[in-house]
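Working notes for the structure below.
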There are 2 protein chains.
Amino acid sequence: MALRDTHVTMAHGGGGRAMRDLIDEVFTSVFQPPGSEDQARLTGTALQEPGARLAFTTDSFVVTPLEFPGGDIGKLAVCGTVNDLAVGGARPLWLSAAFIIEEGCEIALLRRIVATMAAEADKAGVRIVTGDTKVVERGKADGVFITTAGVGVIPPGRDIGAARIRPGDVVIVNGVLGDHGAAILAARGDLALSTDLASDCAGLGHLMQAALAAAPGISAARDCTRGGLASALNEMAAEAGLAVEIQETALPLRPEVVGVCEILGLDPLYLANEGRLVLFCPEAEATAALAALRSLPEGRDSTVIGRASQGQAGRVTLRTAFGGARIVDMLVGEQLPRIC
Amino acid sequence: MALRDTHVTMAHGGGGRAMRDLIDEVFTSVFQPPGSEDQARLTGTALQEPGARLAFTTDSFVVTPLEFPGGDIGKLAVCGTVNDLAVGGARPLWLSAAFIIEEGCEIALLRRIVATMAAEADKAGVRIVTGDTKVVERGKADGVFITTAGVGVIPPGRDIGAARIRPGDVVIVNGVLGDHGAAILAARGDLALSTDLASDCAGLGHLMQAALAAAPGISAARDCTRGGLASALNEMAAEAGLAVEIQETALPLRPEVVGVCEILGLDPLYLANEGRLVLFCPEAEATAALAALRSLPEGRDSTVIGRASQGQAGRVTLRTAFGGARIVDMLVGEQLPRIC
């Protein structure tokens, strides 16, 4: 054990021996990337199938607090990128992980985050194959920021996306909405609220693969992160050139989340999720899609919440419990910063 | 023009309309990524050649100041990742770019950085195909941090790496050392020094391809970034299980860099570079490699600086001008933080 420090110092970012020790002991000993060069070298037979496409995505994670009920920044960083690949119809294969660490960060915290990342990668069937570590002075970052990028393979013939949504497609979500946003809000301690809420953060790769196998007609999917279900539906409706109507009574919401929202004047449709996807599917395949989604724990509470239709392109409407209708617009301003 | 703000606010990271406007106007209008889904979907015929391998790498950039003589953080972010791919023998294809922005960051600055990135990507023949934007509160980051990840293809049969270095291989660098480190140091204004130094920051993809075409026996290459030439050579010597000796009189150094180092008690062997690679090559191919390197502007000053040999594994020695020898160890502690 060459690493005797308990906290990160500027030397751990300097490119010399201290950095090498930190990287070896905290990161590569756990992630076990292939080889020791600066770039991972990977062979993917799935990538070489004629017609296969490569999917590539990235996200930075700046959540505060770094650890919260239901997860930590590492879990978000793995699941978020896995999910971005999965909702595009890709099978996630490889991740990169880059850490920007504030001087003074506790090394034990880094080890916990890295352990979470390795465990989530295992669950998702992906490998963290390359990475980077930078250190900035105290006060120039907030604990640790993580950026992951992900590479996956889209099998030949698969082509889903918002532009493929058709009028009549039903809208499905895989479980209750807003848990992540509400859990982070409660974990910040700004509220006098004590709740049992935990983040819904989960990798959805296996779930998406199961849904696509059962319902190959699925036209599009998104994960509902920042901006919540409302923002995802607005973007998808606009790209599809269709209207979308969702039913208030069909929305799966926990009473605690509704309660938090009522107290704070928030709308659960805009609360962030980290383990929730919204997908569009022809009505004829909806039963098969639901059955496949419900067969996995991350999709147990899957349900139909609405439908796409001809109508004003990009308009999302909520049909209320009383039969009225209100427009669900894009989020204006910010609801809750540093949520992911 | 929906974006009327001059500075980034927390709303620009909130997942709603303000974020969409910032992303559309500042980022995607310039990078022009393919498609509008959260993940890029890419077809690479080179990837599908039997025996081809995918190269994947990432780096975060936290340099201060954000703009400096010879470049800015965006140039570093593109060139750094392109170079990590290139020195592995890969042809760089696609980059991701994730931005962590401090509240209050000037949007004009972001536009300049994005323009640099697009120009450097063009030069390097890569595309920035996917990205992310996060905003953190004032004081929780330092202007902007950028993380790029890169995907490239290693052609069938190409396999270079430190483990392939053989005794007798000569050591080549592509130009003067330490310009980036010295230029950043001078740009910080902590010194009363006024110099004409500019960062050497450059993409080395074409240079590396030219060298490999002329000298296919090249055994290994690294870019000499944080920790400088000394750290790169130490890592390579250790992985090769060989000793490396370099000649002080052969080291290409600008008088200004030597001067800055003398004043500050720094060693130019440890100064960061961002457009310099060190490569190992059988003596029989050294002339061909040098000719190919010198044929391109980034390699005009290429020169042989030393040789690998049997001897104590991992030991790097400098033969001085007076015929003495000193051990060149890994950097201990930090020489200069926030250099890249």
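Labels for the structure tokens follow display order: chains A, B, ..., residues from 1 in each chain, ligands from 1.
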
>> Could you list, as an MDAnalysis selection string, every residue within 8 Å of B:Leu177, counting only C-alpha atoms and ignoring same-chain residues fewer than 4 positions away?
In response: chainID B and resid 229 251:254 268:269 271 273 276

Could you write those residues out with all heavy atoms, as a PDB file, in the first residue's frame?
ATOM      1  N   LEU B 229       8.128  14.652 -20.099  1.00  0.00           N
ATOM      2  CA  LEU B 229       8.858  13.553 -20.729  1.00  0.00           C
ATOM      3  C   LEU B 229       9.327  12.537 -19.681  1.00  0.00           C
ATOM      4  O   LEU B 229       9.263  11.321 -19.902  1.00  0.00           O
ATOM      5  CB  LEU B 229      10.077  14.125 -21.468  1.00  0.00           C
ATOM      6  CG  LEU B 229      11.034  13.102 -22.085  1.00  0.00           C
ATOM      7  CD1 LEU B 229      10.378  12.387 -23.259  1.00  0.00           C
ATOM      8  CD2 LEU B 229      12.348  13.757 -22.528  1.00  0.00           C
ATOM      9  N   LEU B 251      18.505  16.873 -25.996  1.00  0.00           N
ATOM     10  CA  LEU B 251      17.147  17.317 -25.651  1.00  0.00           C
ATOM     11  C   LEU B 251      16.827  18.656 -26.304  1.00  0.00           C
ATOM     12  O   LEU B 251      17.548  19.632 -26.110  1.00  0.00           O
ATOM     13  CB  LEU B 251      17.000  17.463 -24.135  1.00  0.00           C
ATOM     14  CG  LEU B 251      17.085  16.161 -23.332  1.00  0.00           C
ATOM     15  CD1 LEU B 251      17.029  16.470 -21.834  1.00  0.00           C
ATOM     16  CD2 LEU B 251      15.966  15.202 -23.721  1.00  0.00           C
ATOM     17  N   PRO B 252      15.742  18.713 -27.076  1.00  0.00           N
ATOM     18  CA  PRO B 252      15.390  19.986 -27.711  1.00  0.00           C
ATOM     19  C   PRO B 252      14.662  20.896 -26.716  1.00  0.00           C
ATOM     20  O   PRO B 252      13.544  20.609 -26.289  1.00  0.00           O
ATOM     21  CB  PRO B 252      14.471  19.564 -28.859  1.00  0.00           C
ATOM     22  CG  PRO B 252      13.921  18.237 -28.454  1.00  0.00           C
ATOM     23  CD  PRO B 252      14.818  17.631 -27.424  1.00  0.00           C
ATOM     24  N   LEU B 253      15.304  21.971 -26.345  1.00  0.00           N
ATOM     25  CA  LEU B 253      14.740  22.909 -25.365  1.00  0.00           C
ATOM     26  C   LEU B 253      14.940  24.333 -25.838  1.00  0.00           C
ATOM     27  O   LEU B 253      16.020  24.685 -26.306  1.00  0.00           O
ATOM     28  CB  LEU B 253      15.451  22.742 -24.011  1.00  0.00           C
ATOM     29  CG  LEU B 253      15.190  21.449 -23.262  1.00  0.00           C
ATOM     30  CD1 LEU B 253      16.195  21.289 -22.119  1.00  0.00           C
ATOM     31  CD2 LEU B 253      13.765  21.413 -22.725  1.00  0.00           C
ATOM     32  N   ARG B 254      13.897  25.131 -25.707  1.00  0.00           N
ATOM     33  CA  ARG B 254      14.008  26.541 -26.043  1.00  0.00           C
ATOM     34  C   ARG B 254      14.756  27.262 -24.930  1.00  0.00           C
ATOM     35  O   ARG B 254      14.514  26.996 -23.750  1.00  0.00           O
ATOM     36  CB  ARG B 254      12.602  27.147 -26.092  1.00  0.00           C
ATOM     37  CG  ARG B 254      12.076  27.388 -27.441  1.00  0.00           C
ATOM     38  CD  ARG B 254      10.742  28.106 -27.330  1.00  0.00           C
ATOM     39  NE  ARG B 254       9.694  27.304 -27.958  1.00  0.00           N
ATOM     40  CZ  ARG B 254       9.610  27.108 -29.267  1.00  0.00           C
ATOM     41  NH1 ARG B 254      10.509  27.616 -30.080  1.00  0.00           N
ATOM     42  NH2 ARG B 254       8.637  26.392 -29.772  1.00  0.00           N
ATOM     43  N   PRO B 268      12.886  21.004 -16.780  1.00  0.00           N
ATOM     44  CA  PRO B 268      12.076  20.941 -18.013  1.00  0.00           C
ATOM     45  C   PRO B 268      11.652  19.510 -18.388  1.00  0.00           C
ATOM     46  O   PRO B 268      10.685  19.347 -19.127  1.00  0.00           O
ATOM     47  CB  PRO B 268      12.989  21.553 -19.082  1.00  0.00           C
ATOM     48  CG  PRO B 268      14.350  21.635 -18.478  1.00  0.00           C
ATOM     49  CD  PRO B 268      14.200  21.634 -17.001  1.00  0.00           C
ATOM     50  N   LEU B 269      12.359  18.524 -17.874  1.00  0.00           N
ATOM     51  CA  LEU B 269      11.965  17.140 -18.161  1.00  0.00           C
ATOM     52  C   LEU B 269      10.594  16.804 -17.576  1.00  0.00           C
ATOM     53  O   LEU B 269       9.951  15.850 -17.989  1.00  0.00           O
ATOM     54  CB  LEU B 269      12.993  16.161 -17.591  1.00  0.00           C
ATOM     55  CG  LEU B 269      14.335  16.118 -18.315  1.00  0.00           C
ATOM     56  CD1 LEU B 269      15.271  15.148 -17.610  1.00  0.00           C
ATOM     57  CD2 LEU B 269      14.126  15.691 -19.768  1.00  0.00           C
ATOM     58  N   LEU B 271       8.162  19.273 -17.170  1.00  0.00           N
ATOM     59  CA  LEU B 271       7.175  20.261 -17.614  1.00  0.00           C
ATOM     60  C   LEU B 271       6.185  19.607 -18.583  1.00  0.00           C
ATOM     61  O   LEU B 271       6.558  18.804 -19.429  1.00  0.00           O
ATOM     62  CB  LEU B 271       7.866  21.418 -18.344  1.00  0.00           C
ATOM     63  CG  LEU B 271       8.414  22.582 -17.524  1.00  0.00           C
ATOM     64  CD1 LEU B 271       8.817  23.706 -18.479  1.00  0.00           C
ATOM     65  CD2 LEU B 271       7.413  23.102 -16.505  1.00  0.00           C
ATOM     66  N   ASN B 273       3.660  19.010 -21.664  1.00  0.00           N
ATOM     67  CA  ASN B 273       3.564  19.304 -23.087  1.00  0.00           C
ATOM     68  C   ASN B 273       2.156  18.898 -23.522  1.00  0.00           C
ATOM     69  O   ASN B 273       1.546  18.025 -22.899  1.00  0.00           O
ATOM     70  CB  ASN B 273       4.567  18.451 -23.875  1.00  0.00           C
ATOM     71  CG  ASN B 273       5.962  18.522 -23.282  1.00  0.00           C
ATOM     72  OD1 ASN B 273       6.738  19.375 -23.620  1.00  0.00           O
ATOM     73  ND2 ASN B 273       6.287  17.612 -22.362  1.00  0.00           N
ATOM     74  N   ARG B 276       3.394  17.011 -27.792  1.00  0.00           N
ATOM     75  CA  ARG B 276       4.653  16.287 -27.899  1.00  0.00           C
ATOM     76  C   ARG B 276       4.433  14.815 -27.611  1.00  0.00           C
ATOM     77  O   ARG B 276       3.811  14.451 -26.605  1.00  0.00           O
ATOM     78  CB  ARG B 276       5.668  16.814 -26.874  1.00  0.00           C
ATOM     79  CG  ARG B 276       6.141  18.220 -27.145  1.00  0.00           C
ATOM     80  CD  ARG B 276       6.923  18.327 -28.464  1.00  0.00           C
ATOM     81  NE  ARG B 276       7.168  19.722 -28.808  1.00  0.00           N
ATOM     82  CZ  ARG B 276       6.470  20.393 -29.714  1.00  0.00           C
ATOM     83  NH1 ARG B 276       5.492  19.819 -30.389  1.00  0.00           N
ATOM     84  NH2 ARG B 276       6.759  21.657 -29.953  1.00  0.00           N
TER      85      ARG B 276
END

Closest-contact table, stretch 56-166 of chain A side, partner stretch 111-128 of chain B, 12 Å, counting only C-alpha atoms, as CSV:
residue,atom,partner,partner_atom,distance
A:Phe56,CA,B:Ile128,CA,10.6
A:Thr57,CA,B:Ile128,CA,10.8
A:Thr58,CA,B:Ile128,CA,11.3

Could you build a table of the residues in chain A lying no more than 6 Å from chain B, giving for each the nearest pair of atoms and their separation in Å rounded to one decimal place, using only C-alpha atoms, ordered by chain and ascending residue number, as a Markdown table?
| residue | atom | partner | partner_atom | distance |
| --- | --- | --- | --- | --- |
| A:Ala11 | CA | B:Glu334 | CA | 4.6 |
| A:Gly14 | CA | B:Glu334 | CA | 4.7 |
| A:Gly15 | CA | B:Gly227 | CA | 4.5 |
| A:Gly16 | CA | B:Leu331 | CA | 4.2 |
| A:Arg17 | CA | B:Val332 | CA | 5.6 |
| A:Gln39 | CA | B:Thr57 | CA | 4.7 |
| A:Ala40 | CA | B:Phe56 | CA | 5.2 |
| A:Arg41 | CA | B:Ala55 | CA | 4.6 |
| A:Leu42 | CA | B:Leu54 | CA | 5.0 |
| A:Thr43 | CA | B:Arg53 | CA | 5.1 |
| A:Gln48 | CA | B:Gln48 | CA | 4.5 |
| A:Arg53 | CA | B:Thr43 | CA | 5.1 |
| A:Leu54 | CA | B:Leu42 | CA | 4.9 |
| A:Ala55 | CA | B:Arg41 | CA | 4.6 |
| A:Phe56 | CA | B:Ala40 | CA | 5.2 |
| A:Thr57 | CA | B:Gln39 | CA | 4.7 |
| A:Thr58 | CA | B:Gly131 | CA | 5.7 |
| A:Asp59 | CA | B:Asp132 | CA | 5.3 |
| A:Thr130 | CA | B:Thr57 | CA | 5.7 |
| A:Gly131 | CA | B:Thr58 | CA | 5.7 |
| A:Asp132 | CA | B:Asp59 | CA | 5.3 |
| A:Lys140 | CA | B:Ala141 | CA | 4.8 |
| A:Ala141 | CA | B:Ala141 | CA | 4.4 |
| A:Asp142 | CA | B:Lys140 | CA | 5.3 |
| A:Arg226 | CA | B:Gly15 | CA | 4.8 |
| A:Gly227 | CA | B:Gly15 | CA | 4.5 |
| A:Met330 | CA | B:Gly16 | CA | 5.6 |
| A:Leu331 | CA | B:Gly16 | CA | 4.2 |
| A:Val332 | CA | B:Arg17 | CA | 5.6 |
| A:Gly333 | CA | B:Ala11 | CA | 4.8 |
| A:Glu334 | CA | B:Ala11 | CA | 4.6 |

Go ahead and save the picked residues with C-alpha atoms, as a PDB file, in the first residue's frame.
ATOM      1  CA  ALA A  11       0.074  16.139  -5.696  1.00  0.00           C
ATOM      2  CA  GLY A  14       0.340  16.192 -10.653  1.00  0.00           C
ATOM      3  CA  GLY A  15       1.178  13.414 -13.084  1.00  0.00           C
ATOM      4  CA  GLY A  16       3.859  11.866 -10.872  1.00  0.00           C
ATOM      5  CA  ARG A  17       4.189   9.118  -8.319  1.00  0.00           C
ATOM      6  CA  GLN A  39      -6.381   4.110 -24.198  1.00  0.00           C
ATOM      7  CA  ALA A  40      -8.407   0.910 -23.860  1.00  0.00           C
ATOM      8  CA  ARG A  41      -8.148  -1.403 -26.856  1.00  0.00           C
ATOM      9  CA  LEU A  42     -11.293  -3.365 -27.349  1.00  0.00           C
ATOM     10  CA  THR A  43     -12.594  -6.100 -29.563  1.00  0.00           C
ATOM     11  CA  GLN A  48     -18.419  -6.204 -36.458  1.00  0.00           C
ATOM     12  CA  ARG A  53     -23.988   0.632 -35.392  1.00  0.00           C
ATOM     13  CA  LEU A  54     -21.975   2.055 -32.565  1.00  0.00           C
ATOM     14  CA  ALA A  55     -23.792   4.138 -29.927  1.00  0.00           C
ATOM     15  CA  PHE A  56     -21.732   6.758 -28.069  1.00  0.00           C
ATOM     16  CA  THR A  57     -22.866   9.072 -25.273  1.00  0.00           C
ATOM     17  CA  THR A  58     -21.555  11.087 -22.331  1.00  0.00           C
ATOM     18  CA  ASP A  59     -22.800  12.738 -19.140  1.00  0.00           C
ATOM     19  CA  THR A 130     -10.502   3.700 -19.240  1.00  0.00           C
ATOM     20  CA  GLY A 131     -10.425   6.792 -17.056  1.00  0.00           C
ATOM     21  CA  ASP A 132      -8.762   9.958 -15.853  1.00  0.00           C
ATOM     22  CA  LYS A 140     -12.597  25.117  -7.098  1.00  0.00           C
ATOM     23  CA  ALA A 141     -14.881  22.070  -7.324  1.00  0.00           C
ATOM     24  CA  ASP A 142     -17.419  20.508  -4.984  1.00  0.00           C
ATOM     25  CA  ARG A 226     -33.366  16.371 -15.445  1.00  0.00           C
ATOM     26  CA  GLY A 227     -36.618  18.048 -16.320  1.00  0.00           C
ATOM     27  CA  MET A 330     -41.096  22.408 -21.151  1.00  0.00           C
ATOM     28  CA  LEU A 331     -39.680  23.332 -17.767  1.00  0.00           C
ATOM     29  CA  VAL A 332     -39.032  27.067 -17.598  1.00  0.00           C
ATOM     30  CA  GLY A 333     -36.274  28.179 -15.223  1.00  0.00           C
ATOM     31  CA  GLU A 334     -34.853  25.625 -12.862  1.00  0.00           C
TER      32      GLU A 334
END

> When DSSP works through the backbone of this structure, what residues of stretch 32-160 of chain A end up as alpha helix (DSSP H), shown as an MDAnalysis selection string?
Replying inline: chainID A and resid 73:86 107:124

Selection from above, C-alpha atoms, as a tab-separated table (two decimals), in the first residue's frame, can you write it?
chain	number	residue	atom	x	y	z
A	73	ILE	CA	-22.74	9.93	-7.51
A	74	GLY	CA	-20.96	6.79	-8.75
A	75	LYS	CA	-24.20	4.88	-9.16
A	76	LEU	CA	-25.67	7.81	-11.09
A	77	ALA	CA	-22.57	8.05	-13.28
A	78	VAL	CA	-22.77	4.40	-14.33
A	79	CYS	CA	-26.55	4.07	-14.58
A	80	GLY	CA	-27.03	7.40	-16.33
A	81	THR	CA	-24.71	6.53	-19.18
A	82	VAL	CA	-25.88	2.92	-19.40
A	83	ASN	CA	-29.43	4.24	-19.68
A	84	ASP	CA	-28.57	6.76	-22.38
A	85	LEU	CA	-27.22	3.88	-24.44
A	86	ALA	CA	-30.10	1.54	-23.60
A	107	ILE	CA	-10.05	9.02	-0.03
A	108	ALA	CA	-12.45	6.71	1.82
A	109	LEU	CA	-15.32	8.50	0.06
A	110	LEU	CA	-13.63	7.96	-3.31
A	111	ARG	CA	-13.25	4.27	-2.50
A	112	ARG	CA	-16.96	3.97	-1.68
A	113	ILE	CA	-17.92	5.72	-4.92
A	114	VAL	CA	-15.59	3.52	-6.95
A	115	ALA	CA	-16.99	0.38	-5.31
A	116	THR	CA	-20.52	1.46	-6.20
A	117	MET	CA	-19.48	2.10	-9.78
A	118	ALA	CA	-17.87	-1.31	-10.12
A	119	ALA	CA	-20.95	-3.02	-8.65
A	120	GLU	CA	-23.35	-1.15	-10.93
A	121	ALA	CA	-21.19	-1.84	-13.97
A	122	ASP	CA	-21.25	-5.53	-13.10
A	123	LYS	CA	-25.02	-5.51	-12.78
A	124	ALA	CA	-25.37	-3.73	-16.10

> Between B:Glu103, B:Asp301, B:Asp179, B:Asp267, which one has atoms that come closest to B:Ser199, using only C-alpha atoms?
Replying inline: B:Asp179

At a cut-off of 7 Å, using only C-alpha atoms, what residues contact B:Glu274? Leave out same-chain residues fewer than 3 positions from it and give the result as a JSON list (two decimals) with all heavy atoms, in the first residue's frame.
[["chain", "number", "residue", "atom", "x", "y", "z"],
["B", 80, "GLY", "N", -5.95, 16.70, -26.65],
["B", 80, "GLY", "CA", -5.53, 15.72, -25.65],
["B", 80, "GLY", "C", -6.12, 14.35, -25.91],
["B", 80, "GLY", "O", -5.42, 13.33, -25.83],
["B", 180, "HIS", "N", 4.33, 24.02, -23.26],
["B", 180, "HIS", "CA", 3.00, 24.17, -22.67],
["B", 180, "HIS", "C", 3.09, 24.56, -21.20],
["B", 180, "HIS", "O", 2.48, 25.54, -20.76],
["B", 180, "HIS", "CB", 2.17, 22.90, -22.83],
["B", 180, "HIS", "CG", 0.80, 23.01, -22.22],
["B", 180, "HIS", "ND1", -0.20, 23.78, -22.77],
["B", 180, "HIS", "CD2", 0.28, 22.50, -21.08],
["B", 180, "HIS", "CE1", -1.28, 23.72, -22.00],
["B", 180, "HIS", "NE2", -1.01, 22.95, -20.96],
["B", 200, "ASP", "N", 2.47, 24.38, -26.85],
["B", 200, "ASP", "CA", 2.70, 23.54, -28.03],
["B", 200, "ASP", "C", 1.47, 22.74, -28.41],
["B", 200, "ASP", "O", 1.52, 21.89, -29.31],
["B", 200, "ASP", "CB", 3.86, 22.57, -27.75],
["B", 200, "ASP", "CG", 3.69, 21.82, -26.44],
["B", 200, "ASP", "OD1", 2.68, 21.09, -26.29],
["B", 200, "ASP", "OD2", 4.54, 21.97, -25.54],
["B", 201, "CYS", "N", 0.36, 23.00, -27.76],
["B", 201, "CYS", "CA", -0.85, 22.19, -27.93],
["B", 201, "CYS", "C", -1.18, 21.95, -29.41],
["B", 201, "CYS", "O", -1.34, 22.88, -30.18],
["B", 201, "CYS", "CB", -2.02, 22.90, -27.25],
["B", 201, "CYS", "SG", -3.57, 22.01, -27.39],
["B", 202, "ALA", "N", -1.27, 20.68, -29.79],
["B", 202, "ALA", "CA", -1.57, 20.33, -31.17],
["B", 202, "ALA", "C", -2.08, 18.89, -31.22],
["B", 202, "ALA", "O", -1.70, 18.06, -30.40],
["B", 202, "ALA", "CB", -0.31, 20.45, -32.04],
["B", 224, "CYS", "N", 3.45, 13.27, -23.95],
["B", 224, "CYS", "CA", 4.12, 13.72, -22.72],
["B", 224, "CYS", "C", 3.34, 14.87, -22.12],
["B", 224, "CYS", "O", 3.68, 16.02, -22.34],
["B", 224, "CYS", "CB", 5.53, 14.21, -23.04],
["B", 224, "CYS", "SG", 6.50, 13.04, -23.95],
["B", 225, "THR", "N", 2.28, 14.60, -21.39],
["B", 225, "THR", "CA", 1.46, 15.68, -20.84],
["B", 225, "THR", "C", 1.90, 15.96, -19.40],
["B", 225, "THR", "O", 3.06, 16.28, -19.16],
["B", 225, "THR", "CB", -0.03, 15.32, -20.97],
["B", 225, "THR", "OG1", -0.26, 14.09, -20.31],
["B", 225, "THR", "CG2", -0.42, 15.17, -22.41]]

> Any idea what's packed within 6 Å of A:His7, counting only C-alpha atoms, ignoring anything in its chain fewer than 2 positions away? Could you give it as a ChimeraX atom specification?
Replying inline: /A:5,104-107

> When you draw a straight line from atom CA of B:Leu264 to atom CA of B:Glu248, how long is it in Å?
Replying inline: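 Going from atom CA of B:Leu264 over to atom CA of B:Glu248 covers 19.7 Å.
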
> If you run DSSP on the backbone, which residues of stretch 55-272 of chain B are strand (DSSP E), as a PyMOL selection string?
Replying inline: chain B and resi 55-61+67-68+71-72+91-102+127-136+144-154+170-173+220-223+243-247

Residue neighbourhood stretch 281-283 of chain A, 12 Å, only C-alpha atoms, exclusion window fewer than 5 positions, as a compact mmCIF listing (two decimals) with C-alpha atoms, in the first residue's frame:
# COMPACT_ATOMS: atom_id res chain seq x y z
CA ILE A 160 -35.73 3.53 -32.67
CA GLY A 161 -36.06 7.24 -32.07
CA ALA A 162 -38.60 9.98 -31.53
CA ARG A 164 -40.43 7.00 -35.53
CA ILE A 165 -43.32 7.56 -33.12
CA ARG A 166 -46.68 7.06 -34.88
CA PRO A 167 -50.15 8.38 -34.02
CA GLY A 168 -51.83 5.85 -31.76
CA ASP A 169 -48.61 4.70 -30.09
CA VAL A 170 -49.15 4.27 -26.37
CA VAL A 171 -46.87 5.87 -23.78
CA ILE A 172 -45.45 3.58 -21.09
CA VAL A 173 -43.37 4.38 -18.01
CA ALA A 211 -38.90 -4.80 -23.83
CA LEU A 212 -37.40 -4.70 -27.32
CA ALA A 214 -40.99 -8.74 -26.59
CA ALA A 215 -42.16 -5.69 -28.53
CA PRO A 216 -39.84 -5.06 -31.48
CA GLY A 217 -42.22 -2.36 -32.69
CA ILE A 218 -41.23 -0.03 -29.86
CA SER A 219 -40.74 3.26 -31.68
CA ALA A 220 -38.79 5.38 -29.19
CA ALA A 221 -37.59 5.60 -25.61
CA ALA A 288 -46.33 -7.76 -24.67
CA ALA A 289 -44.16 -4.76 -23.78
CA LEU A 290 -45.83 -4.34 -20.39
CA VAL A 304 -49.57 2.93 -19.75
CA ILE A 305 -49.97 6.65 -19.13
CA GLY A 306 -51.07 8.09 -22.45
CA ARG A 307 -50.99 8.13 -26.21
CA ALA A 308 -49.56 9.94 -29.22
CA SER A 309 -51.88 11.45 -31.78
